[in-house]
>>> print(open('entry37.txt').read())   # compact mmCIF, C-alpha atoms
# COMPACT_ATOMS: atom_id res chain seq x y z
CA MET X 577 67.11 20.36 111.80
CA ASN X 578 69.34 18.61 109.31
CA ALA X 579 70.33 14.97 109.58
CA ASP X 580 73.84 15.66 110.89
CA ALA X 581 72.61 17.97 113.62
CA LEU X 582 69.96 15.44 114.60
CA ARG X 583 72.56 12.67 114.79
CA ARG X 584 74.70 14.79 117.07
CA GLU X 585 71.74 15.56 119.33
CA LEU X 586 70.78 11.91 119.49
CA LEU X 587 74.33 10.90 120.29
CA GLY X 588 74.26 13.16 123.33
CA LEU X 589 70.86 11.88 124.29
CA LEU X 590 71.79 8.22 123.92
CA PRO X 591 72.49 7.32 127.59
CA ARG X 592 69.24 8.91 128.81
CA LEU X 593 67.19 7.38 126.05
CA ARG X 594 68.72 3.99 126.72
CA ARG X 595 67.98 4.18 130.44
CA TYR X 596 64.42 5.14 129.67
CA ALA X 597 64.09 2.22 127.26
CA TYR X 598 65.51 -0.04 129.93
CA ALA X 599 63.06 1.23 132.54
CA LEU X 600 60.21 0.58 130.12
CA THR X 601 61.28 -2.85 128.98
CA GLY X 602 63.11 -4.19 132.01
CA ALA X 603 65.53 -6.21 129.91
CA ARG X 604 68.75 -5.11 128.32
CA HIS X 605 68.26 -6.67 124.91
CA ASP X 606 64.71 -5.43 124.65
CA ALA X 607 65.93 -1.99 125.71
CA ASP X 608 68.59 -1.94 123.01
CA ASP X 609 66.13 -3.16 120.40
CA LEU X 610 63.74 -0.42 121.44
CA LEU X 611 66.55 2.11 121.41
CA GLN X 612 67.53 1.10 117.91
CA ALA X 613 63.95 1.24 116.66
CA THR X 614 63.55 4.66 118.22
CA LEU X 615 66.68 6.03 116.59
CA GLU X 616 65.70 4.57 113.23
CA ARG X 617 62.28 6.15 113.45
CA LEU X 618 63.71 9.52 114.44
CA LEU X 619 66.31 9.49 111.69
CA VAL X 620 63.82 8.47 109.02
CA LYS X 621 60.90 10.64 110.06
CA GLY X 622 62.87 13.50 111.60
CA VAL X 623 61.79 15.74 114.43
CA PRO X 624 59.14 18.41 113.88
CA GLU X 625 60.26 22.02 113.94
CA ALA X 626 60.02 23.80 117.28
CA VAL X 627 59.92 20.53 119.20
CA GLU X 628 62.64 19.65 121.67
CA VAL X 629 64.48 16.60 120.46
CA ASP X 630 64.71 14.86 123.82
CA LYS X 631 61.03 15.06 124.58
CA TRP X 632 60.12 13.97 121.09
CA ALA X 633 62.56 11.08 121.34
CA PHE X 634 61.03 9.91 124.62
CA ARG X 635 57.60 10.11 123.07
CA VAL X 636 58.64 8.08 120.04
CA CYS X 637 60.36 5.56 122.28
CA ARG X 638 57.35 5.13 124.46
CA ASN X 639 54.94 4.87 121.52
CA LEU X 640 57.09 2.22 119.90
CA TRP X 641 57.11 0.30 123.15
CA ILE X 642 53.35 0.50 123.39
CA ASP X 643 53.14 -0.90 119.86
CA GLU X 644 55.44 -3.67 120.97
CA ILE X 645 53.33 -4.35 124.03
CA ARG X 646 50.26 -4.50 121.89
CA ALA X 647 52.01 -7.01 119.71
CA ARG X 648 53.35 -9.14 122.51
CA ARG X 649 50.91 -8.40 125.30
CA VAL X 650 53.55 -9.08 127.90
CA ARG X 651 56.58 -7.29 129.17
CA SER X 652 59.77 -9.24 128.92
CA ALA X 653 60.25 -11.50 131.87
CA VAL X 654 63.98 -11.96 131.43
CA PRO X 655 65.40 -12.11 134.93
CA LEU X 656 67.61 -9.23 135.88
CA GLU X 657 70.61 -11.48 136.44
CA GLU X 658 70.35 -12.81 132.90
CA SER X 659 69.92 -9.38 131.44
CA GLY X 660 73.37 -8.40 132.60
CA ALA X 661 72.08 -5.59 134.73
CA MET X 662 73.38 -7.15 137.88
CA GLU X 663 76.99 -7.12 136.89
CA GLN X 664 77.69 -4.15 139.08
CA THR X 665 79.94 -4.96 141.97
CA PHE X 666 78.79 -4.75 145.53
CA ASP X 667 80.31 -6.18 148.63
CA GLY X 668 79.23 -8.28 151.54
CA GLU X 669 75.78 -8.07 152.98
CA ASN X 670 75.07 -4.80 151.25
CA ALA X 671 75.70 -6.51 147.96
CA LEU X 672 73.10 -9.13 148.67
CA MET X 673 70.60 -6.56 149.88
CA SER X 674 71.19 -4.36 146.88
CA LYS X 675 70.76 -7.27 144.52
CA LEU X 676 67.56 -8.31 146.18
CA ALA X 677 66.23 -4.78 146.19
CA LEU X 678 67.07 -4.27 142.52
CA ALA X 679 65.50 -7.58 141.63
CA GLU X 680 62.43 -6.56 143.59
CA ILE X 681 62.16 -3.18 141.92
CA SER X 682 62.48 -4.84 138.54
CA ASP X 683 59.71 -7.31 139.38
CA ALA X 684 57.59 -4.55 140.80
CA MET X 685 58.07 -2.43 137.70
CA ASP X 686 56.86 -5.40 135.66
CA GLU X 687 53.61 -5.29 137.57
CA LEU X 688 53.01 -1.58 137.07
CA PRO X 689 50.61 -0.41 134.39
CA GLU X 690 52.62 0.84 131.43
CA GLU X 691 51.41 4.42 131.76
CA GLN X 692 52.60 4.60 135.36
CA ARG X 693 55.97 3.16 134.45
CA ALA X 694 56.43 5.68 131.66
CA ALA X 695 55.44 8.66 133.80
CA LEU X 696 57.62 7.63 136.74
CA SER X 697 60.63 6.97 134.51
CA LEU X 698 60.40 10.32 132.79
CA VAL X 699 60.27 12.22 136.06
CA VAL X 700 62.59 10.17 138.25
CA LEU X 701 65.14 9.02 135.68
CA GLU X 702 65.06 11.82 133.18
CA GLY X 703 64.33 14.66 135.56
CA LEU X 704 61.43 15.98 133.53
CA SER X 705 58.93 18.22 135.22
CA TYR X 706 55.32 17.12 135.40
CA ALA X 707 54.49 19.59 132.65
CA GLN X 708 57.22 18.18 130.43
CA ALA X 709 56.19 14.60 131.13
CA ALA X 710 52.61 15.56 130.36
CA GLU X 711 53.79 16.93 127.03
CA VAL X 712 55.69 13.75 126.19
CA LEU X 713 52.87 11.45 127.20
CA GLU X 714 50.16 13.74 125.81
CA THR X 715 48.30 13.63 129.08
CA PRO X 716 47.06 16.31 131.51
CA ILE X 717 49.45 17.27 134.32
CA GLY X 718 46.99 16.08 136.95
CA THR X 719 47.04 12.64 135.41
CA ILE X 720 50.83 12.58 135.49
CA MET X 721 50.81 13.56 139.15
CA SER X 722 48.37 10.83 139.97
CA ARG X 723 50.20 8.16 137.94
CA ILE X 724 53.52 8.93 139.59
CA ALA X 725 52.03 8.81 143.06
CA ARG X 726 50.31 5.52 142.38
CA ALA X 727 53.50 4.10 140.90
CA ARG X 728 55.56 5.12 143.91
CA ALA X 729 53.01 3.72 146.30
CA ALA X 730 52.78 0.44 144.42
CA LEU X 731 56.54 0.04 144.20
CA SER X 732 56.96 0.92 147.86
CA LYS X 733 54.43 -1.67 148.79
CA ALA X 734 56.05 -4.29 146.62
CA LEU X 735 59.48 -3.71 148.06
CA ARG X 736 60.22 -5.39 151.30
CA ALA X 737 58.94 -3.16 154.03
CA GLU X 738 61.76 -1.78 156.10
CA SER X 739 59.54 -1.70 159.14
CA PRO X 740 55.93 -2.42 160.06
CA GLN X 741 55.56 1.32 160.51
CA THR X 742 56.33 1.95 156.85
CA SER X 743 53.71 -0.52 155.68
CA ALA X 744 51.15 1.03 157.95
CA GLY X 745 52.08 4.46 156.64
CA LEU X 746 51.66 3.41 153.03
CA ALA X 747 48.26 2.03 153.71
CA THR X 748 47.27 5.21 155.46
CA GLY X 749 48.35 7.47 152.64
CA ALA X 750 46.70 5.63 149.81
CA GLY X 751 45.25 8.45 147.83
CA MET S 1014 45.77 14.41 155.67
CA ILE S 1015 48.67 14.26 153.25
CA THR S 1016 47.86 11.95 150.37
CA ASN S 1017 50.38 9.91 148.39
CA GLU S 1018 49.79 12.29 145.52
CA MET S 1019 50.81 15.30 147.60
CA LEU S 1020 53.80 13.53 149.09
CA SER S 1021 54.93 12.38 145.66
CA ALA S 1022 54.55 15.87 144.19
CA TYR S 1023 56.43 17.20 147.23
CA ILE S 1024 59.41 14.96 146.38
CA ASP S 1025 59.35 16.27 142.83
CA GLY S 1026 58.99 19.90 143.91
CA GLU S 1027 55.77 20.18 141.99
CA LEU S 1028 53.57 21.73 144.66
CA ALA S 1029 52.88 25.43 145.12
CA PRO S 1030 55.24 27.03 147.69
CA GLU S 1031 52.63 27.15 150.44
CA GLU S 1032 51.73 23.51 149.83
CA MET S 1033 55.39 22.54 149.94
CA GLU S 1034 55.67 24.17 153.35
CA ARG S 1035 52.52 22.50 154.60
CA VAL S 1036 53.76 19.05 153.59
CA ALA S 1037 57.18 19.72 155.10
CA ARG S 1038 55.57 20.65 158.43
CA ALA S 1039 53.39 17.56 158.32
CA ILE S 1040 56.39 15.32 157.68
CA ALA S 1041 58.23 16.83 160.63
CA ALA S 1042 55.26 16.15 162.88
CA ASP S 1043 54.27 12.69 161.68
CA GLU S 1044 56.57 9.67 161.88
CA LEU S 1045 54.42 7.55 159.64
CA LEU S 1046 54.42 10.21 156.97
CA ALA S 1047 58.19 10.60 157.32
CA ALA S 1048 58.57 6.83 156.89
CA ARG S 1049 56.42 6.95 153.78
CA LEU S 1050 58.64 9.70 152.40
CA VAL S 1051 61.72 7.58 153.04
CA GLN S 1052 60.11 4.68 151.25
CA PHE S 1053 59.18 6.78 148.22
CA ARG S 1054 62.71 8.10 148.01
CA ARG S 1055 64.05 4.58 148.27
CA VAL S 1056 61.92 3.63 145.30
CA ASP S 1057 63.41 6.50 143.31
CA ARG S 1058 66.93 5.53 144.29
CA LEU S 1059 66.47 1.87 143.41
CA LEU S 1060 64.79 2.71 140.14
CA THR S 1061 67.67 4.99 139.22
CA GLU S 1062 70.20 2.37 140.25
CA PHE S 1063 68.40 -0.34 138.33
CA SER S 1064 68.15 1.72 135.16
CA SER S 1065 71.73 3.00 135.34
CA ALA S 1066 72.98 -0.58 135.33
CA ILE S 1067 72.57 -0.61 131.57
CA ASP S 1068 75.19 2.12 131.25
CA ALA S 1069 77.87 -0.46 132.00
CA GLN S 1070 76.79 -2.59 129.06
CA PRO S 1071 78.33 -1.83 125.67
CA LEU S 1072 76.08 -0.27 123.11
CA PRO S 1073 75.18 -2.55 120.22
CA PRO S 1074 77.18 -1.77 117.07
CA ALA S 1075 73.95 -1.37 115.12
CA VAL S 1076 72.92 1.49 117.38
CA LEU S 1077 76.26 3.23 117.06
CA ALA S 1078 76.27 2.75 113.32
CA LEU S 1079 72.97 4.58 113.08
CA LEU S 1080 74.51 7.67 114.55
CA GLU S 1081 77.65 7.77 112.47
CA PRO S 1082 77.84 10.74 110.15
CA PRO S 1083 76.64 9.97 106.63
CA CYS S 1084 80.19 9.87 105.31
CA ALA S 1085 80.95 7.08 107.70
CA ASP S 1086 77.83 5.00 107.56
CA ALA S 1087 78.86 2.66 104.82
CA GLY S 1088 81.88 0.61 104.13
CA VAL S 1089 84.04 -0.21 101.21
CA PRO S 1090 83.14 -3.77 100.47
CA ALA S 1091 85.80 -6.38 100.76
CA ARG S 1092 87.10 -7.40 97.40
CA SER S 1093 86.22 -10.97 98.12
CA GLU S 1094 82.56 -10.18 98.60
CA PRO S 1095 80.58 -11.33 95.61
CA GLY S 1096 78.56 -8.63 93.99
CA ALA S 1097 80.22 -5.96 96.06
CA VAL S 1098 79.29 -2.45 95.05
CA VAL S 1099 81.67 0.41 95.46
CA LEU S 1100 79.79 3.21 97.13
CA PRO S 1101 80.06 6.83 96.11
CA PHE S 1102 82.88 8.79 97.59
CA ALA S 1103 80.86 10.67 100.13
CA ARG S 1104 79.70 7.38 101.61
CA ARG S 1105 82.95 5.50 101.49
CA HIS S 1106 84.44 4.45 104.71
CA ARG S 1107 86.26 1.68 106.38
CA ARG S 1108 84.22 -1.35 107.11
CA ALA S 1109 86.92 -3.05 109.12
CA GLY S 1110 86.96 -1.96 112.72
CA ALA S 1111 83.62 -0.28 112.32
CA LEU S 1112 82.80 -0.69 115.97
CA ALA S 1113 86.00 0.87 117.21
CA LEU S 1114 85.57 3.63 114.71
CA ALA S 1115 82.00 4.21 115.76
CA ALA S 1116 83.02 4.46 119.36
CA SER S 1117 85.72 6.92 118.51
CA LEU S 1118 83.25 9.04 116.61
CA VAL S 1119 81.66 10.02 119.87
CA LEU S 1120 84.74 12.07 120.47
CA ALA S 1121 85.80 12.65 116.93
CA VAL S 1122 84.59 16.11 116.20
CA ALA S 1123 86.21 17.66 113.19
CA ILE S 1124 89.55 18.79 114.42
CA VAL S 1125 90.95 21.51 112.27
CA LEU S 1126 94.62 22.07 112.72
CA GLN S 1127 96.55 25.03 111.55
CA PHE S 1128 99.59 24.47 109.42
CA ASP S 1129 102.64 26.16 110.77
CA ALA S 1130 104.16 27.62 107.67
CA ARG S 1131 107.40 28.90 109.04
CA ASP S 1132 109.57 28.41 106.03
CA SER S 1133 107.45 29.21 103.09
CA ALA S 1134 103.98 30.13 102.01
CA PRO S 1135 101.73 27.09 101.96
CA PRO S 1136 100.98 25.72 98.56
CA GLY S 1137 97.74 26.32 96.79
CA PHE S 1138 95.25 23.87 95.48
CA GLU S 1139 97.11 22.93 92.30
CA GLU S 1140 100.32 22.30 94.13
CA ILE S 1141 98.65 19.96 96.62
CA VAL S 1142 96.77 17.90 94.09
CA ARG S 1143 99.75 17.34 91.84
CA ALA S 1144 100.62 13.68 91.23
CA GLY S 1145 104.07 12.41 92.08
CA ALA S 1146 106.34 12.49 95.10
CA VAL S 1147 104.99 14.43 98.06
CA VAL S 1148 107.46 16.96 99.39
CA PRO S 1149 108.21 16.13 103.06
CA SER S 1150 107.73 19.74 104.15
CA SER S 1151 104.34 20.05 102.45
CA PRO S 1152 100.96 20.11 104.19
CA LEU S 1153 99.86 17.03 102.27
CA HIS S 1154 102.82 15.11 103.66
CA HIS S 1155 101.88 16.22 107.17
CA VAL S 1156 98.29 15.09 106.64
CA LEU S 1157 99.25 11.70 105.24
CA GLU S 1158 101.91 11.12 107.81
CA ASP S 1159 100.30 12.38 110.99
CA LEU S 1160 96.53 12.61 110.84
CA ARG S 1161 93.83 10.04 111.34
CA SER S 1162 91.14 9.61 108.75
CA ASP S 1163 88.39 12.20 109.02
CA GLN S 1164 90.74 14.67 110.68
CA ALA S 1165 90.62 17.80 108.58
CA PHE S 1166 93.66 20.00 108.15
CA ALA S 1167 93.28 23.63 107.20
CA VAL S 1168 96.20 25.01 105.27
CA ALA S 1169 96.97 28.43 106.71
CA SER S 1170 97.48 31.80 105.05
CA GLY S 1171 93.88 32.25 104.15
CA ALA S 1172 94.21 30.00 101.16
CA GLY S 1173 90.98 28.31 102.19
CA VAL S 1174 92.36 24.91 101.36
CA GLU S 1175 91.54 21.95 103.55
CA ILE S 1176 92.97 18.45 103.31
CA THR S 1177 91.31 15.44 104.91
CA PRO S 1178 92.49 11.83 104.91
CA VAL S 1179 89.55 9.62 104.03
CA LEU S 1180 90.77 6.09 104.53
CA SER S 1181 93.91 4.04 104.87
CA PHE S 1182 94.66 0.65 103.45
CA VAL S 1183 97.35 -1.80 102.46
CA SER S 1184 97.87 -2.06 98.73
CA THR S 1185 98.41 -5.15 96.64
CA ARG S 1186 102.10 -4.15 96.66
CA GLN S 1187 101.95 -4.36 100.46
CA GLU S 1188 102.42 -0.63 100.83
CA TYR S 1189 100.42 1.63 103.08
CA CYS S 1190 98.20 3.90 101.02
CA ARG S 1191 95.78 6.65 101.94
CA GLU S 1192 92.92 8.22 100.12
CA PHE S 1193 92.44 11.91 100.78
CA ARG S 1194 90.37 14.80 99.65
CA VAL S 1195 91.21 18.43 99.14
CA ASP S 1196 88.57 21.10 99.51
CA ALA S 1197 89.16 24.65 98.38
CA GLY S 1198 85.89 26.52 98.36
CA ALA S 1199 84.43 25.98 94.94
CA ARG S 1200 87.04 23.42 94.03
CA ALA S 1201 87.63 19.95 95.34
CA ALA S 1202 89.76 16.97 94.51
CA ARG S 1203 90.32 13.40 95.55
CA GLY S 1204 93.63 11.69 95.62
CA VAL S 1205 95.38 8.54 96.67
CA ALA S 1206 98.97 8.34 97.85
CA CYS S 1207 101.11 5.38 98.84
CA ARG S 1208 104.11 5.12 101.07
CA ARG S 1209 107.10 4.11 98.97
CA ASP S 1210 110.75 4.18 99.88
CA GLU S 1211 110.02 6.10 103.05
CA ARG S 1212 108.10 8.84 101.32
CA TRP S 1213 104.60 9.44 100.10
CA GLU S 1214 103.79 9.40 96.44
CA THR S 1215 100.51 10.61 95.03
CA LEU S 1216 99.45 8.05 92.48
CA LYS S 1217 96.26 9.54 91.22
CA VAL S 1218 94.24 12.70 91.66
CA VAL S 1219 90.89 13.68 90.27
CA GLY S 1220 89.72 17.25 90.67
CA ALA S 1221 86.38 18.83 90.16
CA GLU S 1222 84.38 21.93 90.73
CA ALA S 1223 82.33 21.53 93.88
CA ARG S 1224 78.64 22.04 93.63
CA GLY S 1225 77.27 24.87 95.71
CA SER S 1226 78.91 26.32 98.77
CA ASP S 1227 78.39 23.30 100.96
CA ALA S 1228 81.51 22.58 102.94
CA HIS S 1229 81.13 18.88 102.26
CA TYR S 1230 82.85 17.44 99.31
CA ALA S 1231 80.67 17.53 96.28
CA THR S 1232 81.48 14.79 93.90
CA ALA S 1233 83.03 15.24 90.56
CA THR S 1234 81.20 13.84 87.64
CA ALA S 1235 80.06 10.31 88.20
CA GLU S 1236 82.42 9.09 85.53
CA THR S 1237 85.42 10.64 87.20
CA ASP S 1238 84.47 9.28 90.58
CA GLU S 1239 83.81 5.84 89.23
CA GLY S 1240 87.18 5.82 87.57
CA PHE S 1241 88.85 6.92 90.77
CA ASP S 1242 86.96 4.38 92.86
CA ALA S 1243 87.93 1.64 90.45
CA PHE S 1244 91.54 2.73 90.68
CA VAL S 1245 91.53 2.68 94.48
CA ASP S 1246 89.67 -0.61 94.60
CA GLY S 1247 92.31 -2.02 92.30
CA LEU S 1248 94.97 -0.98 94.79
CA LEU S 1249 93.27 -2.50 97.81
CA ALA S 1250 94.77 -5.75 99.02
CA ASP S 1251 92.03 -6.17 101.59
CA VAL S 1252 89.43 -4.12 103.36
CA PRO S 1253 90.64 -0.69 104.47
CA LEU S 1254 92.21 -0.37 107.90
CA GLY S 1255 89.99 0.05 110.93
CA ALA S 1256 90.58 2.86 113.39
CA ASP S 1257 92.88 0.79 115.60
CA ALA S 1258 94.96 -0.60 112.76
CA GLU S 1259 95.26 2.85 111.26
CA ALA S 1260 96.41 4.28 114.58
CA ARG S 1261 99.05 1.58 114.85
CA ALA S 1262 100.29 2.27 111.34
CA LEU S 1263 100.35 5.99 112.03
CA HIS S 1264 102.32 5.63 115.24
CA GLY S 1265 104.65 3.20 113.56
CA GLY S 1266 105.58 5.75 110.93
CA TRP S 1267 103.74 3.82 108.19
CA THR S 1268 106.53 1.28 107.97
CA ARG S 1269 105.82 -2.35 107.19
>>> encode(input="entry37.txt", output="structure tokens")
Amino acid sequence: MNADALRRELLGLLPRLRRYAYALTGARHDADDLLQATLERLLVKGVPEAVEVDKWAFRVCRNLWIDEIRARRVRSAVPLEESGAMEQTFDGENALMSKLALAEISDAMDELPEEQRAALSLVVLEGLSYAQAAEVLETPIGTIMSRIARARAALSKALRAESPQTSAGLATGAG
Amino acid sequence: MITNEMLSAYIDGELAPEEMERVARAIAADELLAARLVQFRRVDRLLTEFSSAIDAQPLPPAVLALLEPPCADAGVPARSEPGAVVLPFARRHRRAGALALAASLVLAVAIVLQFDARDSAPPGFEEIVRAGAVVPSSPLHHVLEDLRSDQAFAVASGAGVEITPVLSFVSTRQEYCREFRVDAGARAARGVACRRDERWETLKVVGAEARGSDAHYATATAETDEGFDAFVDGLLADVPLGADAEARALHGGWTR
């Protein structure tokens, strides 16, 4: 693929790649830095023949983030409100609840192991199948399945339980 | 017993058909399991909502600049910048308004318009690249007058000639000027025209044989290009116009 064609592909992929970077980093500025680093890497190194650009881009993005984590050892703790992510408009009580829930999911994502966060984001945000996510993360499908389940369970638990029943159910299903 | 793993794979449609049915039946029969499903789906929804929030934030200019086509990824340095280097033609572009331009590039695919030659056969390469006053009915006049930079115009009649405005600027004489290129298969030329007395006048043209069959402009000899660049840089009163300023000039009929 020549450079122009790659640029066009990446332009179309930009929103998805940015959301993924945001899910990984949890902070807007970190996400944009990661996005930029990913694009630079892709444009300099290119994409191997016979590889789908989006999956390769997600892989590069995630690997760069892991390098960053190794360097920093901590995920950014910039509060959601400061990151600008909360500028969406809501109204009334729902607004407050939504804000709280989003803040909670952000905090809960911070607590997830990186590999669970990456797997969950690829499947839930990007709509990848388990097989595709396995390809991106270079992991067996069974591992992807397990990581996603553990991530969902952990996030569910961290979110405010809607009812005592739900909490009991989560405990029961721990698998 | 339906484990979290099975329930999670059920949400993602990743179980075998018979397993999908088994989990569905279990959910219908078990309130706790149904509640767990609701909670998992809530996680997905919140995660999606949380991550989509970044869509509302503007993309950093540096990111957009990375994805500009090569011909638009560098700017003509301002004359006041010490040590400024004039970049080769293929990399010249407007520095001013780079962000607006970058944003517009998302939509700016190469639009090729057909010239409606009702009155006469469109001129060939030599006729277009001739220096001097630009005839108002000519394709070059239409390009200079009506098209944004980077908008290619294909001269009809199978002549295979394409004209593209490259950049717009205000000259030291306070006139609007535009650099353009003309591609005609194996031949190519660069020119600069300024708006004088309500008409366009081509001040300088350099022509060259293009290298290869690449549709992109292949530069003339370095000497020729350098001479042309120096000429254009000498005309520039300031940095070239950004996309917005160019659009305003275009809609205003290039009057000052």
>>> interface_residues(input="entry37.txt", of="chain S", to="chain X", cutoff="9 Å", atoms="all atoms listed in the file", output="PyMOL selection string")
chain S and resi 1014-1022+1025-1027+1044-1049+1051-1070+1072-1073+1075-1077+1079-1083+1119
>>> residues_around(input="entry37.txt", residues="Arg1191 of chain S", least_positions_apart="2", cutoff="6 Å", atoms="only C-alpha atoms", output="MDAnalysis selection string")
chainID S and resid 1180:1181 1205:1206
>>> atom_distance(input="entry37.txt", atom1="atom CA of Arg1194 of chain S", atom2="atom CA of Val1218 of chain S")
9.1 Å
>>> atom_distance(input="entry37.txt", atom1="atom CA of Pro624 of chain X", atom2="atom CA of Ala709 of chain X")
17.9 Å
>>> atom_distance(input="entry37.txt", atom1="atom CA of Phe1166 of chain S", atom2="atom CA of Leu589 of chain X")
29.1 Å
>>> residues_near_point(input="entry37.txt", point="(93.3, 1.6, 93.5)", cutoff="12 Å", atoms="only C-alpha atoms", output="PyMOL selection string")
chain S and resi 1092+1099+1181-1186+1188-1192+1204-1207+1215-1218+1239-1251+1253
>>> closest_residue(input="entry37.txt", among="S:Ile1040, S:Phe1138, S:Ile1176, S:Gly1145", to="Ala1199 of chain S", atoms="only C-alpha atoms")
S:Phe1138
>>> residues_around(input="entry37.txt", residues="segment 628-643 of chain X", least_positions_apart="5", cutoff="7 Å", atoms="all atoms listed in the file", output="list in words")
Leu589, Leu593, Leu610, Thr614, Val623, Val712 and Leu713 of chain X
>>> build_atoms(input="entry37.txt", residues="segment 696-716 of chain X", atoms="N, CA and C atoms", output="mmCIF file, keeping the file's coordinate frame")
data_model
loop_
_atom_site.group_PDB
_atom_site.id
_atom_site.type_symbol
_atom_site.label_atom_id
_atom_site.label_comp_id
_atom_site.auth_asym_id
_atom_site.auth_seq_id
_atom_site.Cartn_x
_atom_site.Cartn_y
_atom_site.Cartn_z
ATOM 1 N N LEU X 696 56.620 7.659 135.663
ATOM 2 C CA LEU X 696 57.620 7.630 136.740
ATOM 3 C C LEU X 696 59.049 7.704 136.165
ATOM 4 N N SER X 697 59.288 6.985 135.102
ATOM 5 C CA SER X 697 60.630 6.970 134.510
ATOM 6 C C SER X 697 61.017 8.343 133.977
ATOM 7 N N LEU X 698 60.080 9.000 133.335
ATOM 8 C CA LEU X 698 60.400 10.320 132.790
ATOM 9 C C LEU X 698 60.767 11.316 133.885
ATOM 10 N N VAL X 699 60.038 11.241 134.989
ATOM 11 C CA VAL X 699 60.270 12.220 136.060
ATOM 12 C C VAL X 699 61.469 11.833 136.925
ATOM 13 N N VAL X 700 61.522 10.581 137.327
ATOM 14 C CA VAL X 700 62.590 10.170 138.250
ATOM 15 C C VAL X 700 63.918 9.967 137.515
ATOM 16 N N LEU X 701 63.883 9.307 136.377
ATOM 17 C CA LEU X 701 65.140 9.020 135.680
ATOM 18 C C LEU X 701 65.614 10.166 134.814
ATOM 19 N N GLU X 702 64.674 10.790 134.140
ATOM 20 C CA GLU X 702 65.060 11.820 133.180
ATOM 21 C C GLU X 702 64.972 13.226 133.741
ATOM 22 N N GLY X 703 64.402 13.347 134.924
ATOM 23 C CA GLY X 703 64.330 14.660 135.560
ATOM 24 C C GLY X 703 63.368 15.616 134.894
ATOM 25 N N LEU X 704 62.419 15.097 134.158
ATOM 26 C CA LEU X 704 61.430 15.980 133.530
ATOM 27 C C LEU X 704 60.458 16.499 134.579
ATOM 28 N N SER X 705 59.978 17.697 134.345
ATOM 29 C CA SER X 705 58.930 18.220 135.220
ATOM 30 C C SER X 705 57.606 17.536 134.863
ATOM 31 N N TYR X 706 56.624 17.721 135.708
ATOM 32 C CA TYR X 706 55.320 17.120 135.400
ATOM 33 C C TYR X 706 54.779 17.677 134.086
ATOM 34 N N ALA X 707 54.997 18.970 133.886
ATOM 35 C CA ALA X 707 54.490 19.590 132.650
ATOM 36 C C ALA X 707 55.180 18.993 131.429
ATOM 37 N N GLN X 708 56.478 18.764 131.555
ATOM 38 C CA GLN X 708 57.220 18.180 130.430
ATOM 39 C C GLN X 708 56.794 16.736 130.187
ATOM 40 N N ALA X 709 56.634 15.992 131.269
ATOM 41 C CA ALA X 709 56.190 14.600 131.130
ATOM 42 C C ALA X 709 54.790 14.547 130.512
ATOM 43 N N ALA X 710 53.972 15.500 130.906
ATOM 44 C CA ALA X 710 52.610 15.560 130.360
ATOM 45 C C ALA X 710 52.665 15.802 128.850
ATOM 46 N N GLU X 711 53.625 16.634 128.449
ATOM 47 C CA GLU X 711 53.790 16.930 127.030
ATOM 48 C C GLU X 711 54.226 15.669 126.271
ATOM 49 N N VAL X 712 55.194 14.970 126.848
ATOM 50 C CA VAL X 712 55.690 13.750 126.190
ATOM 51 C C VAL X 712 54.588 12.704 126.082
ATOM 52 N N LEU X 713 53.866 12.529 127.164
ATOM 53 C CA LEU X 713 52.870 11.450 127.200
ATOM 54 C C LEU X 713 51.496 11.903 126.727
ATOM 55 N N GLU X 714 51.418 13.190 126.349
ATOM 56 C CA GLU X 714 50.160 13.740 125.810
ATOM 57 C C GLU X 714 49.006 13.475 126.766
ATOM 58 N N THR X 715 49.255 13.864 127.997
ATOM 59 C CA THR X 715 48.300 13.630 129.080
ATOM 60 C C THR X 715 48.239 14.875 129.958
ATOM 61 N N PRO X 716 47.104 15.160 130.608
ATOM 62 C CA PRO X 716 47.060 16.310 131.510
ATOM 63 C C PRO X 716 48.036 16.164 132.688
#
